$ cat query-v2.tsv   # TSV, N, CA and C atoms
chain	number	residue	atom	x	y	z
L	1	MET	N	0.85	-1.18	0.00
L	1	MET	CA	0.00	0.00	0.00
L	1	MET	C	0.90	1.24	0.00
L	2	SER	N	0.57	2.19	-0.84
L	2	SER	CA	1.34	3.42	-0.88
L	2	SER	C	0.89	4.37	0.22
L	3	HIS	N	1.80	5.25	0.58
L	3	HIS	CA	1.48	6.22	1.60
L	3	HIS	C	2.20	7.53	1.29
L	4	ILE	N	1.70	8.60	1.86
L	4	ILE	CA	2.29	9.93	1.74
L	4	ILE	C	2.41	10.47	3.15
L	5	PHE	N	3.62	10.82	3.57
L	5	PHE	CA	3.87	11.37	4.90
L	5	PHE	C	4.01	12.88	4.77
L	6	LYS	N	3.11	13.62	5.42
L	6	LYS	CA	3.13	15.08	5.37
L	6	LYS	C	3.07	15.65	6.78
L	7	LYS	N	3.65	16.85	6.91
L	7	LYS	CA	3.64	17.58	8.18
L	7	LYS	C	2.93	18.91	7.95
L	8	TYR	N	2.18	19.33	8.97
L	8	TYR	CA	1.36	20.53	8.84
L	8	TYR	C	1.48	21.41	10.08
L	9	GLU	N	1.32	22.71	9.86
L	9	GLU	CA	1.21	23.67	10.95
L	9	GLU	C	-0.05	24.50	10.72
L	10	PHE	N	-0.86	24.59	11.75
L	10	PHE	CA	-2.11	25.34	11.70
L	10	PHE	C	-2.04	26.50	12.69
L	11	PRO	N	-2.84	27.54	12.46
L	11	PRO	CA	-2.82	28.65	13.42
L	11	PRO	C	-3.34	28.25	14.80
L	12	ASP	N	-4.20	27.21	14.84
L	12	ASP	CA	-4.75	26.76	16.12
L	12	ASP	C	-5.34	25.36	15.94
L	13	GLU	N	-5.69	24.74	17.05
L	13	GLU	CA	-6.24	23.38	17.02
L	13	GLU	C	-7.59	23.33	16.32
L	14	ALA	N	-8.40	24.38	16.46
L	14	ALA	CA	-9.73	24.39	15.83
L	14	ALA	C	-9.62	24.30	14.31
L	15	THR	N	-8.64	24.95	13.74
L	15	THR	CA	-8.44	24.89	12.28
L	15	THR	C	-8.06	23.47	11.87
L	16	ALA	N	-7.16	22.86	12.62
L	16	ALA	CA	-6.78	21.47	12.34
L	16	ALA	C	-7.98	20.55	12.48
L	17	ASP	N	-8.73	20.70	13.55
L	17	ASP	CA	-9.90	19.84	13.78
L	17	ASP	C	-10.93	19.97	12.67
L	18	ALA	N	-11.11	21.17	12.14
L	18	ALA	CA	-12.08	21.36	11.06
L	18	ALA	C	-11.70	20.55	9.83
L	19	LEU	N	-10.42	20.52	9.50
L	19	LEU	CA	-9.98	19.74	8.34
L	19	LEU	C	-10.03	18.24	8.63
L	20	ILE	N	-9.67	17.86	9.84
L	20	ILE	CA	-9.73	16.44	10.22
L	20	ILE	C	-11.19	15.97	10.18
L	21	ASP	N	-12.09	16.77	10.73
L	21	ASP	CA	-13.51	16.40	10.77
L	21	ASP	C	-14.14	16.35	9.38
L	22	ALA	N	-13.54	17.06	8.41
L	22	ALA	CA	-14.07	17.07	7.04
L	22	ALA	C	-13.66	15.83	6.25
L	23	LEU	N	-12.75	15.02	6.79
L	23	LEU	CA	-12.35	13.78	6.12
L	23	LEU	C	-13.52	12.79	6.19
L	24	PRO	N	-13.55	11.82	5.28
L	24	PRO	CA	-14.67	10.86	5.27
L	24	PRO	C	-14.88	10.20	6.64
L	25	SER	N	-16.15	10.13	7.03
L	25	SER	CA	-16.51	9.50	8.30
L	25	SER	C	-17.85	8.79	8.13
L	26	GLN	N	-18.17	7.97	9.12
L	26	GLN	CA	-19.47	7.29	9.10
L	26	GLN	C	-20.05	7.31	10.50
L	27	TYR	N	-21.36	7.39	10.54
L	27	TYR	CA	-22.07	7.46	11.81
L	27	TYR	C	-22.55	6.07	12.20
L	28	ASP	N	-22.28	5.68	13.42
L	28	ASP	CA	-22.73	4.40	13.97
L	28	ASP	C	-23.96	4.68	14.83
L	29	GLU	N	-25.13	4.35	14.33
L	29	GLU	CA	-26.38	4.64	15.04
L	29	GLU	C	-26.46	3.89	16.36
L	30	GLU	N	-25.99	2.65	16.35
L	30	GLU	CA	-26.08	1.84	17.57
L	30	GLU	C	-25.27	2.44	18.71
L	31	LEU	N	-24.09	2.94	18.40
L	31	LEU	CA	-23.23	3.54	19.43
L	31	LEU	C	-23.42	5.05	19.55
L	32	ASP	N	-24.16	5.63	18.59
L	32	ASP	CA	-24.37	7.07	18.55
L	32	ASP	C	-23.03	7.81	18.51
L	33	GLU	N	-22.13	7.33	17.62
L	33	GLU	CA	-20.80	7.90	17.48
L	33	GLU	C	-20.43	7.99	15.99
L	34	THR	N	-19.58	8.95	15.70
L	34	THR	CA	-19.04	9.08	14.35
L	34	THR	C	-17.61	8.58	14.38
L	35	HIS	N	-17.24	7.78	13.38
L	35	HIS	CA	-15.91	7.20	13.27
L	35	HIS	C	-15.31	7.51	11.91
L	36	PRO	N	-13.98	7.61	11.84
L	36	PRO	CA	-13.35	7.84	10.54
L	36	PRO	C	-13.69	6.71	9.56
L	37	ALA	N	-13.89	7.09	8.30
L	37	ALA	CA	-14.13	6.11	7.24
L	37	ALA	C	-12.97	6.18	6.25
L	38	HIS	N	-11.77	6.27	6.80
L	38	HIS	CA	-10.54	6.34	6.00
L	38	HIS	C	-9.44	5.61	6.76
L	39	ASN	N	-8.33	5.36	6.08
L	39	ASN	CA	-7.20	4.65	6.70
L	39	ASN	C	-6.04	5.58	7.05
L	40	HIS	N	-6.24	6.86	6.95
L	40	HIS	CA	-5.17	7.82	7.25
L	40	HIS	C	-4.85	7.79	8.74
L	41	VAL	N	-3.58	8.02	9.06
L	41	VAL	CA	-3.17	8.07	10.46
L	41	VAL	C	-2.82	9.52	10.77
L	42	ILE	N	-3.48	10.08	11.76
L	42	ILE	CA	-3.32	11.49	12.10
L	42	ILE	C	-2.81	11.60	13.54
L	43	VAL	N	-1.72	12.34	13.70
L	43	VAL	CA	-1.15	12.55	15.03
L	43	VAL	C	-1.06	14.05	15.31
L	44	LYS	N	-1.78	14.47	16.34
L	44	LYS	CA	-1.70	15.86	16.77
L	44	LYS	C	-0.48	16.01	17.68
L	45	LEU	N	0.45	16.84	17.26
L	45	LEU	CA	1.66	17.09	18.04
L	45	LEU	C	1.50	18.31	18.93
L	46	HIS	N	0.39	18.98	18.79
L	46	HIS	CA	0.08	20.20	19.54
L	46	HIS	C	1.13	21.27	19.27
L	47	HIS	N	1.73	21.82	20.29
L	47	HIS	CA	2.74	22.87	20.15
L	47	HIS	C	4.09	22.28	20.58
L	48	PRO	N	4.85	21.75	19.64
L	48	PRO	CA	6.12	21.09	20.01
L	48	PRO	C	7.10	22.04	20.69
L	49	ILE	N	7.95	21.48	21.51
L	49	ILE	CA	8.99	22.25	22.17
L	49	ILE	C	10.05	22.62	21.14
L	50	ILE	N	10.36	23.92	21.05
L	50	ILE	CA	11.42	24.34	20.13
L	50	ILE	C	12.69	24.73	20.88
L	51	GLU	N	12.57	24.98	22.18
L	51	GLU	CA	13.73	25.18	23.05
L	51	GLU	C	13.46	24.46	24.36
L	52	GLN	N	14.37	23.59	24.74
L	52	GLN	CA	14.21	22.80	25.96
L	52	GLN	C	14.31	23.70	27.20
L	53	PRO	N	13.64	23.32	28.28
L	53	PRO	CA	13.77	24.09	29.52
L	53	PRO	C	15.18	23.94	30.09
L	54	VAL	N	15.56	24.88	30.91
L	54	VAL	CA	16.87	24.84	31.58
L	54	VAL	C	16.61	24.56	33.05
L	55	TYR	N	17.34	23.58	33.59
L	55	TYR	CA	17.19	23.18	34.99
L	55	TYR	C	18.44	23.52	35.78
L	56	ASP	N	18.25	23.80	37.08
L	56	ASP	CA	19.42	23.98	37.95
L	56	ASP	C	19.86	22.61	38.46
L	57	ASP	N	20.88	22.59	39.29
L	57	ASP	CA	21.45	21.33	39.79
L	57	ASP	C	20.46	20.52	40.64
L	58	GLU	N	19.45	21.18	41.17
L	58	GLU	CA	18.46	20.49	42.00
L	58	GLU	C	17.22	20.06	41.21
L	59	GLY	N	17.24	20.29	39.90
L	59	GLY	CA	16.12	19.88	39.05
L	59	GLY	C	15.00	20.89	38.95
L	60	ASN	N	15.21	22.10	39.49
L	60	ASN	CA	14.21	23.15	39.38
L	60	ASN	C	14.35	23.84	38.03
L	61	ILE	N	13.24	24.23	37.46
L	61	ILE	CA	13.28	24.92	36.18
L	61	ILE	C	13.76	26.36	36.37
L	62	GLU	N	14.83	26.69	35.66
L	62	GLU	CA	15.33	28.06	35.67
L	62	GLU	C	14.73	28.86	34.51
L	63	THR	N	14.60	28.20	33.37
L	63	THR	CA	14.02	28.83	32.19
L	63	THR	C	13.01	27.86	31.58
L	64	ASP	N	11.79	28.33	31.39
L	64	ASP	CA	10.75	27.47	30.83
L	64	ASP	C	11.06	27.07	29.39
L	65	ALA	N	10.48	25.97	28.99
L	65	ALA	CA	10.57	25.54	27.59
L	65	ALA	C	9.86	26.57	26.72
L	66	VAL	N	10.31	26.66	25.48
L	66	VAL	CA	9.66	27.52	24.50
L	66	VAL	C	8.90	26.62	23.54
L	67	LEU	N	7.60	26.86	23.42
L	67	LEU	CA	6.76	26.06	22.54
L	67	LEU	C	6.53	26.77	21.21
L	68	ALA	N	6.34	25.99	20.17
L	68	ALA	CA	6.01	26.55	18.86
L	68	ALA	C	4.66	27.26	18.95
L	69	GLU	N	4.51	28.33	18.18
L	69	GLU	CA	3.25	29.08	18.20
L	69	GLU	C	2.14	28.33	17.47
L	70	ASN	N	2.48	27.65	16.38
L	70	ASN	CA	1.48	26.96	15.58
L	70	ASN	C	1.15	25.58	16.13
L	71	PHE	N	0.00	25.07	15.76
L	71	PHE	CA	-0.47	23.75	16.16
L	71	PHE	C	-0.02	22.75	15.09
L	72	SER	N	0.77	21.77	15.47
L	72	SER	CA	1.37	20.84	14.51
L	72	SER	C	0.63	19.51	14.43
L	73	VAL	N	0.55	18.99	13.21
L	73	VAL	CA	-0.12	17.72	12.94
L	73	VAL	C	0.70	16.96	11.90
L	74	ASP	N	0.93	15.69	12.13
L	74	ASP	CA	1.54	14.80	11.13
L	74	ASP	C	0.46	13.87	10.60
L	75	VAL	N	0.47	13.62	9.29
L	75	VAL	CA	-0.52	12.74	8.68
L	75	VAL	C	0.19	11.74	7.78
L	76	LEU	N	-0.16	10.48	7.93
L	76	LEU	CA	0.26	9.44	7.01
L	76	LEU	C	-0.97	9.13	6.16
L	77	TRP	N	-1.00	9.76	4.98
L	77	TRP	CA	-2.11	9.57	4.06
L	77	TRP	C	-1.95	8.20	3.42
L	78	GLN	N	-3.02	7.43	3.36
L	78	GLN	CA	-2.96	6.09	2.80
L	78	GLN	C	-4.08	5.90	1.78
L	79	GLY	N	-3.72	5.25	0.67
L	79	GLY	CA	-4.72	4.92	-0.34
L	79	GLY	C	-5.16	6.09	-1.21
L	80	ILE	N	-4.40	7.18	-1.20
L	80	ILE	CA	-4.69	8.31	-2.07
L	80	ILE	C	-3.41	8.72	-2.79
L	81	GLU	N	-3.55	9.38	-3.91
L	81	GLU	CA	-2.40	9.79	-4.73
L	81	GLU	C	-1.80	11.12	-4.27
L	82	ALA	N	-2.60	11.96	-3.66
L	82	ALA	CA	-2.14	13.28	-3.23
L	82	ALA	C	-2.95	13.71	-2.01
L	83	GLN	N	-2.36	14.60	-1.23
L	83	GLN	CA	-3.07	15.13	-0.07
L	83	GLN	C	-4.29	15.93	-0.52
L	84	PRO	N	-5.31	16.03	0.32
L	84	PRO	CA	-6.47	16.85	-0.03
L	84	PRO	C	-6.04	18.31	-0.28
L	85	LYS	N	-6.65	18.93	-1.26
L	85	LYS	CA	-6.28	20.30	-1.65
L	85	LYS	C	-6.39	21.29	-0.49
L	86	ASP	N	-7.41	21.13	0.35
L	86	ASP	CA	-7.60	22.09	1.44
L	86	ASP	C	-6.54	21.97	2.54
L	87	TRP	N	-5.72	20.93	2.50
L	87	TRP	CA	-4.62	20.77	3.46
L	87	TRP	C	-3.33	21.43	2.97
L	88	GLU	N	-3.21	21.64	1.66
L	88	GLU	CA	-1.95	22.09	1.06
L	88	GLU	C	-1.40	23.37	1.66
L	89	GLN	N	-2.26	24.33	1.96
L	89	GLN	CA	-1.78	25.61	2.47
L	89	GLN	C	-1.12	25.51	3.85
L	90	TYR	N	-1.36	24.42	4.56
L	90	TYR	CA	-0.81	24.24	5.90
L	90	TYR	C	0.42	23.34	5.92
L	91	GLU	N	0.78	22.78	4.78
L	91	GLU	CA	1.92	21.86	4.72
L	91	GLU	C	3.22	22.62	4.98
L	92	ILE	N	4.10	22.00	5.75
L	92	ILE	CA	5.43	22.56	5.99
L	92	ILE	C	6.46	21.57	5.45
L	93	THR	N	7.64	22.06	5.21
L	93	THR	CA	8.74	21.22	4.74
L	93	THR	C	9.88	21.33	5.73
L	94	LEU	N	10.33	20.19	6.20
L	94	LEU	CA	11.45	20.13	7.14
L	94	LEU	C	12.67	19.53	6.44
L	95	THR	N	13.83	19.75	7.01
L	95	THR	CA	15.06	19.17	6.46
L	95	THR	C	15.46	17.91	7.22
L	96	ASP	N	14.67	17.54	8.22
L	96	ASP	CA	14.90	16.30	8.96
L	96	ASP	C	13.55	15.70	9.32
L	97	ASN	N	13.53	14.68	10.15
L	97	ASN	CA	12.28	14.01	10.51
L	97	ASN	C	11.43	14.80	11.50
L	98	GLY	N	11.96	15.83	12.10
L	98	GLY	CA	11.22	16.58	13.10
L	98	GLY	C	11.09	15.78	14.39
L	99	VAL	N	10.05	16.04	15.16
L	99	VAL	CA	9.88	15.41	16.47
L	99	VAL	C	9.12	14.10	16.41
L	100	HIS	N	8.63	13.72	15.21
L	100	HIS	CA	7.77	12.54	15.12
L	100	HIS	C	7.92	11.86	13.77
L	101	THR	N	7.85	10.53	13.77
L	101	THR	CA	7.76	9.74	12.53
L	101	THR	C	6.69	8.67	12.73
L	102	PHE	N	6.30	8.00	11.65
L	102	PHE	CA	5.34	6.92	11.71
L	102	PHE	C	6.03	5.59	11.50
L	103	PHE	N	5.95	4.70	12.47
L	103	PHE	CA	6.38	3.32	12.31
L	103	PHE	C	7.77	3.20	11.69
L	104	GLY	N	8.65	4.13	11.97
L	104	GLY	CA	9.97	4.10	11.38
L	104	GLY	C	10.02	4.60	9.95
L	105	ILE	N	8.93	5.17	9.45
L	105	ILE	CA	8.91	5.73	8.09
L	105	ILE	C	9.53	7.12	8.16
L	106	ASP	N	10.59	7.33	7.40
L	106	ASP	CA	11.23	8.64	7.40
L	106	ASP	C	10.41	9.66	6.64
L	107	TYR	N	10.36	10.87	7.17
L	107	TYR	CA	9.68	11.98	6.51
L	107	TYR	C	10.48	12.44	5.30
L	108	ILE	N	11.80	12.47	5.46
L	108	ILE	CA	12.65	12.97	4.37
L	108	ILE	C	13.07	11.85	3.42
$ encode --input "query-v2.tsv" --output "C-alpha coordinates"
Amino acid sequence: MSHIFKKYEFPDEATADALIDALPSQYDEELDETHPAHNHVIVKLHHPIIEQPVYDDEGNIETDAVLAENFSVDVLWQGIEAQPKDWEQYEITLTDNGVHTFFGIDYI
(Lines of atoms letter the chains of each structure in order from A and count residues from 1; the text may use other names and numbers.)
(Lines give C-alpha, C1' and ligand atoms only; values in the text may rest on other atoms or scores of the structure.)
Protein backbone atom coordinates (compact mmCIF):
# COMPACT_ATOMS: atom_id res chain seq x y z
CA MET A 1 0.00 0.00 0.00
CA SER A 2 1.34 3.42 -0.88
CA HIS A 3 1.48 6.22 1.60
CA ILE A 4 2.29 9.93 1.74
CA PHE A 5 3.87 11.37 4.90
CA LYS A 6 3.13 15.08 5.37
CA LYS A 7 3.64 17.58 8.18
CA TYR A 8 1.36 20.53 8.84
CA GLU A 9 1.21 23.67 10.95
CA PHE A 10 -2.11 25.34 11.70
CA PRO A 11 -2.82 28.65 13.42
CA ASP A 12 -4.75 26.76 16.12
CA GLU A 13 -6.24 23.38 17.02
CA ALA A 14 -9.73 24.39 15.83
CA THR A 15 -8.44 24.89 12.28
CA ALA A 16 -6.78 21.47 12.34
CA ASP A 17 -9.90 19.84 13.78
CA ALA A 18 -12.08 21.36 11.06
CA LEU A 19 -9.98 19.74 8.34
CA ILE A 20 -9.73 16.44 10.22
CA ASP A 21 -13.51 16.40 10.77
CA ALA A 22 -14.07 17.07 7.04
CA LEU A 23 -12.35 13.78 6.12
CA PRO A 24 -14.67 10.86 5.27
CA SER A 25 -16.51 9.50 8.30
CA GLN A 26 -19.47 7.29 9.10
CA TYR A 27 -22.07 7.46 11.81
CA ASP A 28 -22.73 4.40 13.97
CA GLU A 29 -26.38 4.64 15.04
CA GLU A 30 -26.08 1.84 17.57
CA LEU A 31 -23.23 3.54 19.43
CA ASP A 32 -24.37 7.07 18.55
CA GLU A 33 -20.80 7.90 17.48
CA THR A 34 -19.04 9.08 14.35
CA HIS A 35 -15.91 7.20 13.27
CA PRO A 36 -13.35 7.84 10.54
CA ALA A 37 -14.13 6.11 7.24
CA HIS A 38 -10.54 6.34 6.00
CA ASN A 39 -7.20 4.65 6.70
CA HIS A 40 -5.17 7.82 7.25
CA VAL A 41 -3.17 8.07 10.46
CA ILE A 42 -3.32 11.49 12.10
CA VAL A 43 -1.15 12.55 15.03
CA LYS A 44 -1.70 15.86 16.77
CA LEU A 45 1.66 17.09 18.04
CA HIS A 46 0.08 20.20 19.54
CA HIS A 47 2.74 22.87 20.15
CA PRO A 48 6.12 21.09 20.01
CA ILE A 49 8.99 22.25 22.17
CA ILE A 50 11.42 24.34 20.13
CA GLU A 51 13.73 25.18 23.05
CA GLN A 52 14.21 22.80 25.96
CA PRO A 53 13.77 24.09 29.52
CA VAL A 54 16.87 24.84 31.58
CA TYR A 55 17.19 23.18 34.99
CA ASP A 56 19.42 23.98 37.95
CA ASP A 57 21.45 21.33 39.79
CA GLU A 58 18.46 20.49 42.00
CA GLY A 59 16.12 19.88 39.05
CA ASN A 60 14.21 23.15 39.38
CA ILE A 61 13.28 24.92 36.18
CA GLU A 62 15.33 28.06 35.67
CA THR A 63 14.02 28.83 32.19
CA ASP A 64 10.75 27.47 30.83
CA ALA A 65 10.57 25.54 27.59
CA VAL A 66 9.66 27.52 24.50
CA LEU A 67 6.76 26.06 22.54
CA ALA A 68 6.01 26.55 18.86
CA GLU A 69 3.25 29.08 18.20
CA ASN A 70 1.48 26.96 15.58
CA PHE A 71 -0.47 23.75 16.16
CA SER A 72 1.37 20.84 14.51
CA VAL A 73 -0.12 17.72 12.94
CA ASP A 74 1.54 14.80 11.13
CA VAL A 75 -0.52 12.74 8.68
CA LEU A 76 0.26 9.44 7.01
CA TRP A 77 -2.11 9.57 4.06
CA GLN A 78 -2.96 6.09 2.80
CA GLY A 79 -4.72 4.92 -0.34
CA ILE A 80 -4.69 8.31 -2.07
CA GLU A 81 -2.40 9.79 -4.73
CA ALA A 82 -2.14 13.28 -3.23
CA GLN A 83 -3.07 15.13 -0.07
CA PRO A 84 -6.47 16.85 -0.03
CA LYS A 85 -6.28 20.30 -1.65
CA ASP A 86 -7.60 22.09 1.44
CA TRP A 87 -4.62 20.77 3.46
CA GLU A 88 -1.95 22.09 1.06
CA GLN A 89 -1.78 25.61 2.47
CA TYR A 90 -0.81 24.24 5.90
CA GLU A 91 1.92 21.86 4.72
CA ILE A 92 5.43 22.56 5.99
CA THR A 93 8.74 21.22 4.74
CA LEU A 94 11.45 20.13 7.14
CA THR A 95 15.06 19.17 6.46
CA ASP A 96 14.90 16.30 8.96
CA ASN A 97 12.28 14.01 10.51
CA GLY A 98 11.22 16.58 13.10
CA VAL A 99 9.88 15.41 16.47
CA HIS A 100 7.77 12.54 15.12
CA THR A 101 7.76 9.74 12.53
CA PHE A 102 5.34 6.92 11.71
CA PHE A 103 6.38 3.32 12.31
CA GLY A 104 9.97 4.10 11.38
CA ILE A 105 8.91 5.73 8.09
CA ASP A 106 11.23 8.64 7.40
CA TYR A 107 9.68 11.98 6.51
CA ILE A 108 12.65 12.97 4.37
$ select_by_dssp --input "query-v2.tsv" --residues "chain L" --states "helix (DSSP H, G or I)" --output "list in words"
Glu13, Ala14, Thr15, Ala16, Asp17, Ala18, Leu19, Ile20, Asp21, Lys85, Asp86, Trp87, Glu88, Gln89 and Tyr90 of chain L
$ write_last_selection --input "query-v2.tsv" --atoms "N, CA and C atoms" --output "PDB file, keeping the file's coordinate frame"
ATOM      1  N   GLU L  13      -5.690  24.740  17.050  1.00  0.00           N
ATOM      2  CA  GLU L  13      -6.240  23.380  17.020  1.00  0.00           C
ATOM      3  C   GLU L  13      -7.590  23.330  16.320  1.00  0.00           C
ATOM      4  N   ALA L  14      -8.400  24.380  16.460  1.00  0.00           N
ATOM      5  CA  ALA L  14      -9.730  24.390  15.830  1.00  0.00           C
ATOM      6  C   ALA L  14      -9.620  24.300  14.310  1.00  0.00           C
ATOM      7  N   THR L  15      -8.640  24.950  13.740  1.00  0.00           N
ATOM      8  CA  THR L  15      -8.440  24.890  12.280  1.00  0.00           C
ATOM      9  C   THR L  15      -8.060  23.470  11.870  1.00  0.00           C
ATOM     10  N   ALA L  16      -7.160  22.860  12.620  1.00  0.00           N
ATOM     11  CA  ALA L  16      -6.780  21.470  12.340  1.00  0.00           C
ATOM     12  C   ALA L  16      -7.980  20.550  12.480  1.00  0.00           C
ATOM     13  N   ASP L  17      -8.730  20.700  13.550  1.00  0.00           N
ATOM     14  CA  ASP L  17      -9.900  19.840  13.780  1.00  0.00           C
ATOM     15  C   ASP L  17     -10.930  19.970  12.670  1.00  0.00           C
ATOM     16  N   ALA L  18     -11.110  21.170  12.140  1.00  0.00           N
ATOM     17  CA  ALA L  18     -12.080  21.360  11.060  1.00  0.00           C
ATOM     18  C   ALA L  18     -11.700  20.550   9.830  1.00  0.00           C
ATOM     19  N   LEU L  19     -10.420  20.520   9.500  1.00  0.00           N
ATOM     20  CA  LEU L  19      -9.980  19.740   8.340  1.00  0.00           C
ATOM     21  C   LEU L  19     -10.030  18.240   8.630  1.00  0.00           C
ATOM     22  N   ILE L  20      -9.670  17.860   9.840  1.00  0.00           N
ATOM     23  CA  ILE L  20      -9.730  16.440  10.220  1.00  0.00           C
ATOM     24  C   ILE L  20     -11.190  15.970  10.180  1.00  0.00           C
ATOM     25  N   ASP L  21     -12.090  16.770  10.730  1.00  0.00           N
ATOM     26  CA  ASP L  21     -13.510  16.400  10.770  1.00  0.00           C
ATOM     27  C   ASP L  21     -14.140  16.350   9.380  1.00  0.00           C
ATOM     28  N   LYS L  85      -6.650  18.930  -1.260  1.00  0.00           N
ATOM     29  CA  LYS L  85      -6.280  20.300  -1.650  1.00  0.00           C
ATOM     30  C   LYS L  85      -6.390  21.290  -0.490  1.00  0.00           C
ATOM     31  N   ASP L  86      -7.410  21.130   0.350  1.00  0.00           N
ATOM     32  CA  ASP L  86      -7.600  22.090   1.440  1.00  0.00           C
ATOM     33  C   ASP L  86      -6.540  21.970   2.540  1.00  0.00           C
ATOM     34  N   TRP L  87      -5.720  20.930   2.500  1.00  0.00           N
ATOM     35  CA  TRP L  87      -4.620  20.770   3.460  1.00  0.00           C
ATOM     36  C   TRP L  87      -3.330  21.430   2.970  1.00  0.00           C
ATOM     37  N   GLU L  88      -3.210  21.640   1.660  1.00  0.00           N
ATOM     38  CA  GLU L  88      -1.950  22.090   1.060  1.00  0.00           C
ATOM     39  C   GLU L  88      -1.400  23.370   1.660  1.00  0.00           C
ATOM     40  N   GLN L  89      -2.260  24.330   1.960  1.00  0.00           N
ATOM     41  CA  GLN L  89      -1.780  25.610   2.470  1.00  0.00           C
ATOM     42  C   GLN L  89      -1.120  25.510   3.850  1.00  0.00           C
ATOM     43  N   TYR L  90      -1.360  24.420   4.560  1.00  0.00           N
ATOM     44  CA  TYR L  90      -0.810  24.240   5.900  1.00  0.00           C
ATOM     45  C   TYR L  90       0.420  23.340   5.920  1.00  0.00           C
TER      46      TYR L  90
END
$ residues_around --input "query-v2.tsv" --residues "stretch 78-85 of chain L" --least-positions-apart "3" --cutoff "7 Å" --atoms "only C-alpha atoms" --output "ChimeraX atom specification"
/L:1-4,39-40,88
$ write_last_selection --input "query-v2.tsv" --atoms "N, CA and C atoms" --output "tab-separated table (two decimals), keeping the file's coordinate frame"
chain	number	residue	atom	x	y	z
L	1	MET	N	0.85	-1.18	0.00
L	1	MET	CA	0.00	0.00	0.00
L	1	MET	C	0.90	1.24	0.00
L	2	SER	N	0.57	2.19	-0.84
L	2	SER	CA	1.34	3.42	-0.88
L	2	SER	C	0.89	4.37	0.22
L	3	HIS	N	1.80	5.25	0.58
L	3	HIS	CA	1.48	6.22	1.60
L	3	HIS	C	2.20	7.53	1.29
L	4	ILE	N	1.70	8.60	1.86
L	4	ILE	CA	2.29	9.93	1.74
L	4	ILE	C	2.41	10.47	3.15
L	39	ASN	N	-8.33	5.36	6.08
L	39	ASN	CA	-7.20	4.65	6.70
L	39	ASN	C	-6.04	5.58	7.05
L	40	HIS	N	-6.24	6.86	6.95
L	40	HIS	CA	-5.17	7.82	7.25
L	40	HIS	C	-4.85	7.79	8.74
L	88	GLU	N	-3.21	21.64	1.66
L	88	GLU	CA	-1.95	22.09	1.06
L	88	GLU	C	-1.40	23.37	1.66
$ closest_residue --input "query-v2.tsv" --among "L:Asp74, L:Ala22, L:Glu30, L:Asp12" --to "L:His100" --atoms "all atoms listed in the file"
L:Asp74
$ residues_around --input "query-v2.tsv" --residues "stretch 46-61 of chain L" --least-positions-apart "4" --cutoff "6 Å" --atoms "all atoms listed in the file" --output "list in words"
Ala65, Val66, Leu67, Ala68, Asn70, Phe71, Ser72 and Val73 of chain L
$ atom_distance --input "query-v2.tsv" --atom1 "atom N of L:Glu69" --atom2 "atom N of L:Ala16"
14.0 Å
$ closest_residue --input "query-v2.tsv" --among "L:Glu13, L:Thr95, L:Lys6, L:Tyr90" --to "L:Trp77" --atoms "all atoms listed in the file"
L:Lys6
$ atom_distance --input "query-v2.tsv" --atom1 "atom CA of L:Val99" --atom2 "atom C of L:Ala14"
21.5 Å
$ select_by_dssp --input "query-v2.tsv" --residues "chain L" --states "strand (DSSP E or B)" --output "ChimeraX atom specification"
/L:3-10,25-28,33-36,41-46,49-51,54-55,61-63,66-67,71-78,91-92,102,105
$ atom_distance --input "query-v2.tsv" --atom1 "atom C of L:Tyr107" --atom2 "atom CA of L:His38"
21.9 Å
$ closest_residue --input "query-v2.tsv" --among "L:Thr63, L:Ile42, L:Asp17, L:His35" --to "L:Leu76" --atoms "all atoms listed in the file"
L:Ile42
$ closest_residue --input "query-v2.tsv" --among "L:Asp21, L:Lys44, L:Tyr27, L:Glu91" --to "L:Tyr8" --atoms "all atoms listed in the file"
L:Glu91
